[in-house]
>>> print(open('target_26.pdb').read())   # PDB, C-alpha atoms
ATOM      1  CA  MET R  19      36.993 -18.784  24.654
ATOM      2  CA  THR R  20      38.922 -18.542  21.426
ATOM      3  CA  ARG R  21      38.374 -15.770  18.980
ATOM      4  CA  ASP R  22      36.516 -18.094  16.590
ATOM      5  CA  GLU R  23      34.228 -19.342  19.303
ATOM      6  CA  LEU R  24      33.403 -15.812  20.219
ATOM      7  CA  LYS R  25      32.675 -14.993  16.598
ATOM      8  CA  ASN R  26      30.405 -18.018  16.250
ATOM      9  CA  ARG R  27      28.557 -17.072  19.385
ATOM     10  CA  ALA R  28      27.993 -13.587  18.067
ATOM     11  CA  ILE R  29      26.668 -14.965  14.783
ATOM     12  CA  ASP R  30      24.414 -17.389  16.639
ATOM     13  CA  TYR R  31      23.074 -14.585  18.712
ATOM     14  CA  LEU R  32      22.381 -12.289  15.802
ATOM     15  CA  ALA R  33      21.273 -14.697  13.114
ATOM     16  CA  GLY R  34      20.385 -17.858  14.916
ATOM     17  CA  LYS R  35      17.555 -16.300  16.794
ATOM     18  CA  VAL R  36      15.679 -15.154  13.733
ATOM     19  CA  THR R  37      13.300 -17.780  12.442
ATOM     20  CA  CYS R  38      11.888 -17.698   8.928
ATOM     21  CA  LYS R  39       8.440 -17.318  10.434
ATOM     22  CA  GLU R  40       9.593 -14.237  12.334
ATOM     23  CA  PHE R  41      11.051 -12.827   9.154
ATOM     24  CA  THR R  42       7.833 -13.307   7.182
ATOM     25  CA  GLU R  43       5.859 -11.586   9.935
ATOM     26  CA  ALA R  44       8.114  -8.544   9.988
ATOM     27  CA  ALA R  45       9.101  -8.190   6.336
ATOM     28  CA  THR R  46       7.188  -4.918   5.961
ATOM     29  CA  ASP R  47       8.896  -3.468   9.051
ATOM     30  CA  TYR R  48      12.169  -4.423   7.397
ATOM     31  CA  LEU R  49      11.204  -2.868   4.052
ATOM     32  CA  GLU R  50       9.895   0.293   5.710
ATOM     33  CA  GLY R  51      13.066   0.665   7.717
ATOM     34  CA  SER R  52      11.108   0.876  10.936
ATOM     35  CA  GLN R  53      13.190  -1.636  12.888
ATOM     36  CA  THR R  54      15.890  -0.830  15.369
ATOM     37  CA  TRP R  55      19.398  -0.955  14.013
ATOM     38  CA  LEU R  56      20.066  -4.234  15.811
ATOM     39  CA  GLY R  57      16.864  -5.740  14.473
ATOM     40  CA  TRP R  58      17.884  -4.731  10.996
ATOM     41  CA  VAL R  59      21.331  -6.311  11.411
ATOM     42  CA  ARG R  60      19.742  -9.537  12.657
ATOM     43  CA  PHE R  61      17.496  -9.673   9.598
ATOM     44  CA  GLN R  62      20.421  -8.905   7.301
ATOM     45  CA  MET R  63      22.352 -11.812   8.777
ATOM     46  CA  HIS R  64      19.373 -14.111   8.479
ATOM     47  CA  LEU R  65      18.880 -13.124   4.847
ATOM     48  CA  GLY R  66      22.521 -13.814   4.153
ATOM     49  CA  LEU R  67      22.104 -17.354   5.412
ATOM     50  CA  CYS R  68      18.575 -18.181   4.239
ATOM     51  CA  PRO R  69      17.738 -18.596   0.530
ATOM     52  CA  GLY R  70      14.073 -19.238   1.430
ATOM     53  CA  CYS R  71      13.677 -15.840   3.051
ATOM     54  CA  ARG R  72      15.585 -14.177   0.225
ATOM     55  CA  ALA R  73      13.052 -15.679  -2.188
ATOM     56  CA  TYR R  74      10.218 -14.601   0.099
ATOM     57  CA  LEU R  75      11.509 -11.026   0.310
ATOM     58  CA  ARG R  76      11.891 -10.903  -3.447
ATOM     59  CA  GLN R  77       8.307 -12.097  -3.853
ATOM     60  CA  MET R  78       7.136  -9.376  -1.477
ATOM     61  CA  LYS R  79       9.036  -6.703  -3.372
ATOM     62  CA  LYS R  80       7.714  -7.949  -6.677
ATOM     63  CA  THR R  81       4.195  -8.037  -5.280
ATOM     64  CA  ILE R  82       4.546  -4.390  -4.287
ATOM     65  CA  HIS R  83       6.058  -3.511  -7.634
ATOM     66  CA  THR R  84       3.294  -5.313  -9.535
ATOM     67  CA  LEU R  85       0.614  -3.524  -7.507
ATOM     68  CA  GLY R  86       2.191  -0.233  -8.521
ATOM     69  CA  ARG R  87       1.968  -1.232 -12.163
ATOM     70  CA  LEU R  88      -1.819  -1.522 -12.228
ATOM     71  CA  PRO R  89      -3.099   0.827 -14.908
ATOM     72  CA  GLU R  90      -4.119   4.307 -13.877
ATOM     73  CA  GLU R  91      -7.786   5.096 -13.886
ATOM     74  CA  PRO R  92      -8.335   7.622 -16.662
ATOM     75  CA  ILE R  93     -10.517  10.654 -16.137
ATOM     76  CA  PRO R  94     -13.382  10.766 -18.619
ATOM     77  CA  PRO R  95     -13.153  14.005 -20.677
ATOM     78  CA  ALA R  96     -16.773  14.852 -19.883
ATOM     79  CA  VAL R  97     -16.092  14.671 -16.141
ATOM     80  CA  ARG R  98     -12.975  16.778 -16.509
ATOM     81  CA  ASP R  99     -14.824  19.412 -18.533
ATOM     82  CA  GLU R 100     -17.664  19.549 -16.046
ATOM     83  CA  LEU R 101     -15.283  20.054 -13.140
ATOM     84  CA  LEU R 102     -13.424  22.807 -14.986
ATOM     85  CA  GLN R 103     -16.746  24.444 -15.762
ATOM     86  CA  ARG R 104     -17.615  24.382 -12.064
ATOM     87  CA  PHE R 105     -14.247  25.858 -11.206
ATOM     88  CA  ARG R 106     -14.827  28.712 -13.678
ATOM     89  CA  THR R 107     -18.309  29.575 -12.477
ATOM     90  CA  GLY R 108     -17.314  29.154  -8.833
ATOM     91  CA  LYS R 109     -14.504  31.639  -9.216
ATOM     92  CA  SER R 110     -16.433  34.183 -11.237
ATOM     93  CA  ARG R 111     -19.159  34.515  -8.646
TER
ATOM     94  CA  MET G  19      26.131 -11.665   2.235
ATOM     95  CA  LEU G  20      23.539  -9.642   0.485
ATOM     96  CA  ALA G  21      24.074  -6.073  -0.403
ATOM     97  CA  PRO G  22      22.567  -4.084   2.431
ATOM     98  CA  GLU G  23      18.946  -3.195   1.963
ATOM     99  CA  ARG G  24      18.980   0.551   1.821
ATOM    100  CA  ARG G  25      16.528   2.203   4.041
ATOM    101  CA  VAL G  26      14.425   4.400   1.873
ATOM    102  CA  ASP G  27      12.529   7.305   3.267
ATOM    103  CA  GLN G  28       9.013   6.319   2.392
ATOM    104  CA  THR G  29       7.312   8.870   4.523
ATOM    105  CA  GLN G  30       6.565  11.256   1.709
ATOM    106  CA  GLY G  31       5.720   8.607  -0.828
ATOM    107  CA  THR G  32       6.550   8.473  -4.469
ATOM    108  CA  ALA G  33       3.019   8.821  -5.745
ATOM    109  CA  ARG G  34       2.875   8.516  -9.471
ATOM    110  CA  SER G  35       0.314  11.247  -9.217
ATOM    111  CA  SER G  36       2.248  13.674  -7.073
ATOM    112  CA  ASN G  37       5.370  14.268  -9.103
ATOM    113  CA  ALA G  38       3.828  17.104 -11.016
ATOM    114  CA  ILE G  39       2.602  18.874  -7.925
ATOM    115  CA  GLN G  40       5.658  19.929  -6.032
ATOM    116  CA  ASP G  41       5.258  23.443  -4.916
ATOM    117  CA  GLU G  42       2.043  23.260  -2.997
ATOM    118  CA  GLN G  43       1.967  26.829  -1.793
ATOM    119  CA  ARG G  44       2.275  28.125  -5.327
ATOM    120  CA  LEU G  45      -0.378  25.731  -6.506
ATOM    121  CA  LEU G  46      -2.712  26.776  -3.727
ATOM    122  CA  ALA G  47      -2.224  30.440  -4.538
ATOM    123  CA  ALA G  48      -2.921  29.748  -8.194
ATOM    124  CA  LEU G  49      -6.091  27.834  -7.338
ATOM    125  CA  ARG G  50      -7.380  30.634  -5.131
ATOM    126  CA  ASP G  51      -6.521  33.038  -7.881
ATOM    127  CA  GLY G  52      -8.846  31.157 -10.216
ATOM    128  CA  ASP G  53      -6.076  29.698 -12.367
ATOM    129  CA  GLU G  54      -7.920  27.093 -14.393
ATOM    130  CA  ALA G  55      -4.738  25.355 -15.539
ATOM    131  CA  ALA G  56      -3.783  24.774 -11.912
ATOM    132  CA  PHE G  57      -7.114  23.143 -11.195
ATOM    133  CA  ALA G  58      -6.869  21.053 -14.363
ATOM    134  CA  LEU G  59      -3.453  19.845 -13.197
ATOM    135  CA  LEU G  60      -4.829  18.958  -9.784
ATOM    136  CA  VAL G  61      -7.694  17.000 -11.316
ATOM    137  CA  GLU G  62      -5.438  15.209 -13.801
ATOM    138  CA  CYS G  63      -3.025  14.263 -11.040
ATOM    139  CA  TYR G  64      -5.395  12.964  -8.422
ATOM    140  CA  HIS G  65      -8.612  11.902 -10.113
ATOM    141  CA  GLY G  66      -7.456   8.379 -10.973
ATOM    142  CA  SER G  67      -6.016   7.782  -7.515
ATOM    143  CA  LEU G  68      -9.185   9.097  -5.910
ATOM    144  CA  ILE G  69     -11.268   6.695  -7.994
ATOM    145  CA  ARG G  70      -9.173   3.747  -6.848
ATOM    146  CA  VAL G  71      -9.326   4.762  -3.210
ATOM    147  CA  ALA G  72     -13.086   5.258  -3.484
ATOM    148  CA  MET G  73     -13.385   1.815  -5.055
ATOM    149  CA  ALA G  74     -11.836   0.395  -1.900
ATOM    150  CA  HIS G  75     -15.003   1.482  -0.087
ATOM    151  CA  VAL G  76     -17.796   1.117  -2.576
ATOM    152  CA  SER G  77     -18.087  -1.809  -4.894
ATOM    153  CA  ASP G  78     -19.849   0.003  -7.684
ATOM    154  CA  ARG G  79     -17.775   1.917 -10.184
ATOM    155  CA  SER G  80     -20.440   4.545 -10.843
ATOM    156  CA  VAL G  81     -20.863   5.182  -7.118
ATOM    157  CA  ALA G  82     -17.100   5.669  -6.854
ATOM    158  CA  GLU G  83     -17.270   8.212  -9.681
ATOM    159  CA  GLU G  84     -20.010  10.071  -7.820
ATOM    160  CA  VAL G  85     -18.013  10.086  -4.591
ATOM    161  CA  VAL G  86     -15.001  11.540  -6.396
ATOM    162  CA  GLN G  87     -17.152  14.193  -8.078
ATOM    163  CA  GLU G  88     -18.587  15.160  -4.687
ATOM    164  CA  THR G  89     -15.041  15.321  -3.353
ATOM    165  CA  TRP G  90     -13.956  17.746  -6.060
ATOM    166  CA  ILE G  91     -16.961  19.929  -5.396
ATOM    167  CA  ALA G  92     -16.141  19.941  -1.667
ATOM    168  CA  VAL G  93     -12.558  20.848  -2.531
ATOM    169  CA  LEU G  94     -13.737  23.774  -4.653
ATOM    170  CA  GLU G  95     -16.024  24.967  -1.900
ATOM    171  CA  GLY G  96     -13.432  24.542   0.831
ATOM    172  CA  LEU G  97     -10.412  25.914  -0.970
ATOM    173  CA  ASP G  98     -10.652  29.390   0.492
ATOM    174  CA  ARG G  99     -11.035  28.013   3.990
ATOM    175  CA  PHE G 100      -8.245  25.431   3.681
ATOM    176  CA  GLU G 101      -5.623  26.313   6.296
ATOM    177  CA  SER G 102      -2.647  24.182   5.248
ATOM    178  CA  ARG G 103      -2.641  22.330   8.543
ATOM    179  CA  SER G 104      -2.266  19.240   6.411
ATOM    180  CA  SER G 105      -0.958  19.062   2.871
ATOM    181  CA  LEU G 106      -3.414  19.795   0.100
ATOM    182  CA  LYS G 107      -3.129  16.204  -1.029
ATOM    183  CA  THR G 108      -3.843  14.765   2.430
ATOM    184  CA  TRP G 109      -6.789  17.131   2.741
ATOM    185  CA  ILE G 110      -8.290  16.031  -0.581
ATOM    186  CA  PHE G 111      -7.871  12.333   0.217
ATOM    187  CA  SER G 112      -9.357  12.845   3.684
ATOM    188  CA  ILE G 113     -12.449  14.434   2.183
ATOM    189  CA  LEU G 114     -12.732  11.522  -0.199
ATOM    190  CA  THR G 115     -12.265   8.925   2.520
ATOM    191  CA  ASN G 116     -14.985  10.492   4.648
ATOM    192  CA  LYS G 117     -17.414  10.674   1.762
ATOM    193  CA  ALA G 118     -16.592   7.147   0.632
ATOM    194  CA  LYS G 119     -17.053   5.864   4.183
ATOM    195  CA  THR G 120     -20.526   7.362   4.343
ATOM    196  CA  ARG G 121     -21.449   5.820   0.997
ATOM    197  CA  GLY G 122     -19.870   2.537   1.996
ATOM    198  CA  VAL G 123     -22.010   2.403   5.108
ATOM    199  CA  ARG G 124     -25.072   2.950   2.997
ATOM    200  CA  GLU G 125     -23.890   0.131   0.765
ATOM    201  CA  SER G 126     -23.196  -1.774   4.004
ATOM    202  CA  ARG G 127     -19.758  -2.665   2.810
ATOM    203  CA  HIS G 128     -18.005  -0.633   5.405
ATOM    204  CA  VAL G 129     -16.238  -2.106   8.409
ATOM    205  CA  THR G 130     -15.420   0.170  11.318
ATOM    206  CA  PHE G 131     -11.848   1.223  11.475
ATOM    207  CA  SER G 132     -10.885   0.596  15.038
ATOM    208  CA  GLY G 133      -7.352  -0.547  14.686
ATOM    209  CA  VAL G 134      -5.238  -3.636  14.834
ATOM    210  CA  GLY G 135      -7.507  -5.700  17.006
ATOM    211  CA  SER G 136     -10.364  -5.751  14.576
ATOM    212  CA  THR G 137      -9.240  -6.618  11.104
ATOM    213  CA  ASP G 138     -12.400  -8.547  10.472
ATOM    214  CA  GLY G 139     -11.668 -11.008  13.213
ATOM    215  CA  GLU G 140      -8.442 -12.210  11.697
ATOM    216  CA  ALA G 141      -6.011 -10.331  13.857
ATOM    217  CA  ASP G 142      -3.827 -13.347  14.385
ATOM    218  CA  GLU G 143      -3.802 -14.625  10.856
ATOM    219  CA  PRO G 144      -0.184 -15.344   9.948
ATOM    220  CA  ALA G 145       1.555 -13.774   6.948
ATOM    221  CA  VAL G 146       2.404 -17.211   5.573
ATOM    222  CA  ASP G 147       0.521 -20.492   5.920
ATOM    223  CA  PRO G 148       2.018 -22.116   9.061
ATOM    224  CA  SER G 149       2.155 -25.509   7.364
ATOM    225  CA  ARG G 150       5.002 -24.193   5.240
ATOM    226  CA  PHE G 151       7.304 -24.046   8.251
ATOM    227  CA  MET G 152       8.893 -26.909  10.170
ATOM    228  CA  ALA G 153       6.617 -27.797  13.057
ATOM    229  CA  SER G 154       9.306 -29.113  15.389
ATOM    230  CA  GLY G 155      12.958 -29.991  15.778
ATOM    231  CA  PHE G 156      16.070 -27.881  15.518
ATOM    232  CA  TRP G 157      14.725 -26.017  12.483
ATOM    233  CA  VAL G 158      11.334 -25.288  13.981
ATOM    234  CA  ASP G 159       9.696 -22.237  12.350
ATOM    235  CA  HIS G 160      12.147 -22.318   9.457
ATOM    236  CA  TRP G 161      10.957 -23.022   5.916
ATOM    237  CA  ALA G 162       9.730 -26.530   5.207
ATOM    238  CA  SER G 163       8.462 -25.537   1.794
ATOM    239  CA  PRO G 164      10.178 -22.263   0.895
ATOM    240  CA  PRO G 165       8.805 -19.931  -1.764
ATOM    241  CA  HIS G 166      10.169 -20.214  -5.285
ATOM    242  CA  LEU G 167      12.565 -17.591  -6.446
ATOM    243  CA  TRP G 168      10.635 -15.585  -9.018
ATOM    244  CA  ASP G 169      12.720 -14.604 -12.000
ATOM    245  CA  ASP G 170      12.951 -11.083 -13.349
ATOM    246  CA  ASP G 171       9.737 -11.236 -15.358
ATOM    247  CA  THR G 172       7.653 -13.014 -12.740
ATOM    248  CA  PRO G 173       4.998 -12.123 -11.885
ATOM    249  CA  GLU G 174       5.037  -8.840 -13.737
ATOM    250  CA  LYS G 175       4.730 -10.375 -17.184
ATOM    251  CA  GLN G 176       1.776 -12.534 -16.179
ATOM    252  CA  PHE G 177       0.009  -9.590 -14.641
ATOM    253  CA  LEU G 178       0.379  -7.311 -17.604
ATOM    254  CA  THR G 179      -2.134  -9.525 -19.380
ATOM    255  CA  LYS G 180      -5.822  -8.784 -19.088
ATOM    256  CA  GLU G 181      -6.497 -12.025 -17.270
ATOM    257  CA  GLY G 182      -3.659 -11.420 -14.839
ATOM    258  CA  MET G 183      -4.795  -7.905 -14.114
ATOM    259  CA  LEU G 184      -8.321  -9.079 -13.413
ATOM    260  CA  TYR G 185      -6.930 -11.675 -11.021
ATOM    261  CA  LEU G 186      -4.879  -9.064  -9.202
ATOM    262  CA  GLU G 187      -7.852  -6.698  -8.948
ATOM    263  CA  LYS G 188      -9.934  -9.549  -7.528
ATOM    264  CA  ALA G 189      -7.241 -10.343  -4.986
ATOM    265  CA  ILE G 190      -7.348  -6.711  -3.858
ATOM    266  CA  GLN G 191     -11.126  -6.649  -3.716
ATOM    267  CA  ALA G 192     -11.097  -9.832  -1.631
ATOM    268  CA  LEU G 193      -9.216  -8.057   1.172
ATOM    269  CA  PRO G 194     -11.097  -6.738   4.202
ATOM    270  CA  LEU G 195     -11.778  -3.013   3.865
ATOM    271  CA  ASN G 196      -9.167  -1.741   6.314
ATOM    272  CA  LEU G 197      -6.426  -3.776   4.653
ATOM    273  CA  ARG G 198      -7.609  -2.825   1.181
ATOM    274  CA  GLN G 199      -7.645   0.896   1.974
ATOM    275  CA  VAL G 200      -4.058   0.905   3.166
ATOM    276  CA  LEU G 201      -2.786  -1.306   0.352
ATOM    277  CA  VAL G 202      -4.449   0.728  -2.388
ATOM    278  CA  MET G 203      -3.115   4.008  -1.038
ATOM    279  CA  ARG G 204       0.391   2.781  -0.285
ATOM    280  CA  ASP G 205       1.222   0.221  -2.949
ATOM    281  CA  VAL G 206      -1.135   0.929  -5.832
ATOM    282  CA  GLU G 207      -1.221   4.716  -5.648
ATOM    283  CA  GLY G 208       2.160   5.202  -4.004
ATOM    284  CA  LEU G 209       1.159   7.513  -1.146
ATOM    285  CA  GLY G 210       3.668   7.814   1.702
ATOM    286  CA  SER G 211       3.134   6.256   5.104
ATOM    287  CA  LYS G 212       2.803   9.646   6.838
ATOM    288  CA  GLU G 213       0.154  10.673   4.327
ATOM    289  CA  VAL G 214      -1.835   7.474   4.758
ATOM    290  CA  CYS G 215      -1.666   7.723   8.550
ATOM    291  CA  ALA G 216      -2.945  11.295   8.404
ATOM    292  CA  ILE G 217      -5.763  10.414   6.002
ATOM    293  CA  LEU G 218      -6.955   7.376   7.953
ATOM    294  CA  GLU G 219      -6.054   8.826  11.356
ATOM    295  CA  ILE G 220      -4.116   5.765  12.443
ATOM    296  CA  THR G 221      -0.656   5.305  13.924
ATOM    297  CA  GLU G 222       2.318   4.292  11.802
ATOM    298  CA  ALA G 223       2.647   1.017  13.698
ATOM    299  CA  ASN G 224      -1.006   0.220  13.047
ATOM    300  CA  GLN G 225      -0.608   1.114   9.408
ATOM    301  CA  ARG G 226       2.395  -1.185   9.022
ATOM    302  CA  VAL G 227       0.473  -4.090  10.511
ATOM    303  CA  LEU G 228      -2.431  -3.552   8.127
ATOM    304  CA  LEU G 229      -0.134  -3.050   5.160
ATOM    305  CA  HIS G 230       1.831  -6.185   5.950
ATOM    306  CA  ARG G 231      -1.298  -8.279   6.268
ATOM    307  CA  ALA G 232      -2.623  -6.936   3.001
ATOM    308  CA  ARG G 233       0.659  -7.478   1.156
ATOM    309  CA  SER G 234       0.949 -10.979   2.575
ATOM    310  CA  LYS G 235      -2.466 -11.919   1.263
ATOM    311  CA  VAL G 236      -1.788 -10.494  -2.175
ATOM    312  CA  ARG G 237       1.634 -12.181  -2.303
ATOM    313  CA  GLN G 238      -0.044 -15.454  -1.487
ATOM    314  CA  ALA G 239      -2.603 -14.932  -4.238
ATOM    315  CA  LEU G 240       0.145 -14.129  -6.763
ATOM    316  CA  GLU G 241       2.123 -17.165  -5.658
ATOM    317  CA  GLN G 242      -0.882 -19.376  -6.293
ATOM    318  CA  TYR G 243      -1.390 -17.820  -9.692
ATOM    319  CA  VAL G 244       2.250 -18.011 -10.721
ATOM    320  CA  GLY G 245       2.491 -21.535  -9.386
ATOM    321  CA  GLY G 246      -0.130 -22.535 -11.913
ATOM    322  CA  GLY G 247      -2.748 -23.078  -9.240
ATOM    323  CA  ARG G 248      -4.839 -20.275 -10.724
ATOM    324  CA  ARG G 249      -7.356 -20.502  -7.955
ATOM    325  CA  GLN G 250      -9.744 -17.662  -7.434
ATOM    326  CA  PRO G 251      -8.441 -15.400  -4.660
TER
END
>>> encode(input="target_26.pdb", output="structure tokens")
Amino acid sequence: MTRDELKNRAIDYLAGKVTCKEFTEAATDYLEGSQTWLGWVRFQMHLGLCPGCRAYLRQMKKTIHTLGRLPEEPIPPAVRDELLQRFRTGKSR
Amino acid sequence: MLAPERRVDQTQGTARSSNAIQDEQRLLAALRDGDEAAFALLVECYHGSLIRVAMAHVSDRSVAEEVVQETWIAVLEGLDRFESRSSLKTWIFSILTNKAKTRGVRESRHVTFSGVGSTDGEADEPAVDPSRFMASGFWVDHWASPPHLWDDDTPEKQFLTKEGMLYLEKAIQALPLNLRQVLVMRDVEGLGSKEVCAILEITEANQRVLLHRARSKVRQALEQYVGGGRRQP
């Protein structure tokens, strides 16, 4: 086997075996860094070759980012005051 | 080749609420000492997150408020007995989750949390509609209709509007309880995976499955919205 053939085989093994479906099922594992090193490399290679999965991953990241941008629930001043009052009386007992 | 995706340590979380509370031991000592400012800080930091997590269990806003109030009272009562076996934050959220569960059962909105196999009977539901992949041939299971590349402002800009926000909230509310719980804690409130696992008493693998299913559903809802479909989630 020539050097190039060997290289192609290695690429086939690492990238060729990842399907887009597999990627979409394991995108959170990938983002959480919970894969094995080899699994991570395989996904990296697939991403390098697949614009569809790059777009999918970007959508996932933006989904997560957008969820984190939902407005915070404010605490009503009356509730806050009542809780502080309870804290005061509780501690002075 | 893409720049390598850096593996971020997400175990501790980057809660928007937790930045102010760093030195827990000092905070705890201050609370036990009756330091009102310390308690005010605690309330300011976690109240909003607690409301959101409670809302994952009970549909009614006022019930959620009650559950959070009860939680704070339980925290005040338990403070002296708290043994730091978990973090203060995990402890507070666990109290809330238990109280919200009880209320949720009464509201009959609660689904038992028994792990991966029982996400409302949709354990095998795929992350992406299977019809979007090639069904056969050399490219089987590769994209037949790939997602669009969202630009920098999509979908954030759309969802900063009132209508967009309402849509997103509805998409979250449409999730089954166990998915919603994990998603709200992890992605909306920014708790870390270790924290969420401790609060819900589930394994990290289980949590990742639930989180992925929840994210997939929300992504799909956003895609429909951005794509102009604007269907109700």
>>> residues_around(input="target_26.pdb", residues="Glu83 (chain G)", least_positions_apart="3", cutoff="9 Å", atoms="only C-alpha atoms", output="MDAnalysis selection string")
chainID G and resid 68:69 72:73 78:80 86:88
>>> write_last_selection(input="target_26.pdb", atoms="C-alpha atoms", output="short mmCIF file (atom, residue, chain, number, x, y, z; two decimals), in the frame of the given file")
data_model
loop_
_atom_site.label_atom_id
_atom_site.label_comp_id
_atom_site.auth_asym_id
_atom_site.auth_seq_id
_atom_site.Cartn_x
_atom_site.Cartn_y
_atom_site.Cartn_z
CA LEU G 68 -9.18 9.10 -5.91
CA ILE G 69 -11.27 6.70 -7.99
CA ALA G 72 -13.09 5.26 -3.48
CA MET G 73 -13.38 1.82 -5.06
CA ASP G 78 -19.85 0.00 -7.68
CA ARG G 79 -17.77 1.92 -10.18
CA SER G 80 -20.44 4.54 -10.84
CA VAL G 86 -15.00 11.54 -6.40
CA GLN G 87 -17.15 14.19 -8.08
CA GLU G 88 -18.59 15.16 -4.69
#
>>> atom_distance(input="target_26.pdb", atom1="CA of Glu40 (chain R)", atom2="CA of Phe151 (chain G)")
10.9 Å
>>> closest_atom_pairs(input="target_26.pdb", of="region 199-235 of chain G", to="region 57-79 of chain R", cutoff="10 Å", atoms="all atoms listed in the file", output="tab-separated table")
residue	atom	partner	partner_atom	distance
G:His230	CA	R:Met78	CA	9.7
G:Arg233	CA	R:Met78	CA	7.2
G:Ser234	CA	R:Met78	CA	7.6
>>> resolve_selection(input="target_26.pdb", expression="the PyMOL selection byres ((chain G) within 6 of (chain R))", output="ChimeraX atom specification")
/G:19-20,25,52,66,145,159-160,164-165,167,174,205-206,230,237
>>> write_last_selection(input="target_26.pdb", atoms="C-alpha atoms", output="short mmCIF file (atom, residue, chain, number, x, y, z; two decimals), in the frame of the given file")
data_model
loop_
_atom_site.label_atom_id
_atom_site.label_comp_id
_atom_site.auth_asym_id
_atom_site.auth_seq_id
_atom_site.Cartn_x
_atom_site.Cartn_y
_atom_site.Cartn_z
CA MET G 19 26.13 -11.66 2.24
CA LEU G 20 23.54 -9.64 0.48
CA ARG G 25 16.53 2.20 4.04
CA GLY G 52 -8.85 31.16 -10.22
CA GLY G 66 -7.46 8.38 -10.97
CA ALA G 145 1.56 -13.77 6.95
CA ASP G 159 9.70 -22.24 12.35
CA HIS G 160 12.15 -22.32 9.46
CA PRO G 164 10.18 -22.26 0.90
CA PRO G 165 8.80 -19.93 -1.76
CA LEU G 167 12.56 -17.59 -6.45
CA GLU G 174 5.04 -8.84 -13.74
CA ASP G 205 1.22 0.22 -2.95
CA VAL G 206 -1.14 0.93 -5.83
CA HIS G 230 1.83 -6.18 5.95
CA ARG G 237 1.63 -12.18 -2.30
#
>>> residues_around(input="target_26.pdb", residues="region 147-150 of chain G", least_positions_apart="4", cutoff="7 Å", atoms="all atoms listed in the file", output="list of chain:residue names")
G:Trp161, G:Ala162, G:Ser163
>>> axis_aligned_box(input="target_26.pdb", around="region 219-226 of chain G", padding_each_side="6 Å", output="JSON")
{"center_x": -1.7, "center_y": 3.8, "center_z": 11.5, "size_x": 20.7, "size_y": 22.0, "size_z": 16.9}
>>> residues_around(input="target_26.pdb", residues="Ile217 (chain G)", least_positions_apart="4", cutoff="8 Å", atoms="all atoms listed in the file", output="count of residues only")
6
>>> atom_distance(input="target_26.pdb", atom1="CA of Leu228 (chain G)", atom2="CA of Val200 (chain G)")
6.9 Å
>>> resolve_selection(input="target_26.pdb", expression="the PyMOL selection byres ((chain G and resi 76) around 12)", output="MDAnalysis selection string")
chainID G and resid 69:75 77:86 114:115 117:129 191 195 198:199
>>> atom_distance(input="target_26.pdb", atom1="CA of Gln225 (chain G)", atom2="CA of Ser102 (chain G)")
23.5 Å
>>> closest_residue(input="target_26.pdb", among="R:Ala96, R:Lys25, R:Lys35, R:Gln53", to="Ala223 (chain G)", atoms="all atoms listed in the file")
R:Gln53
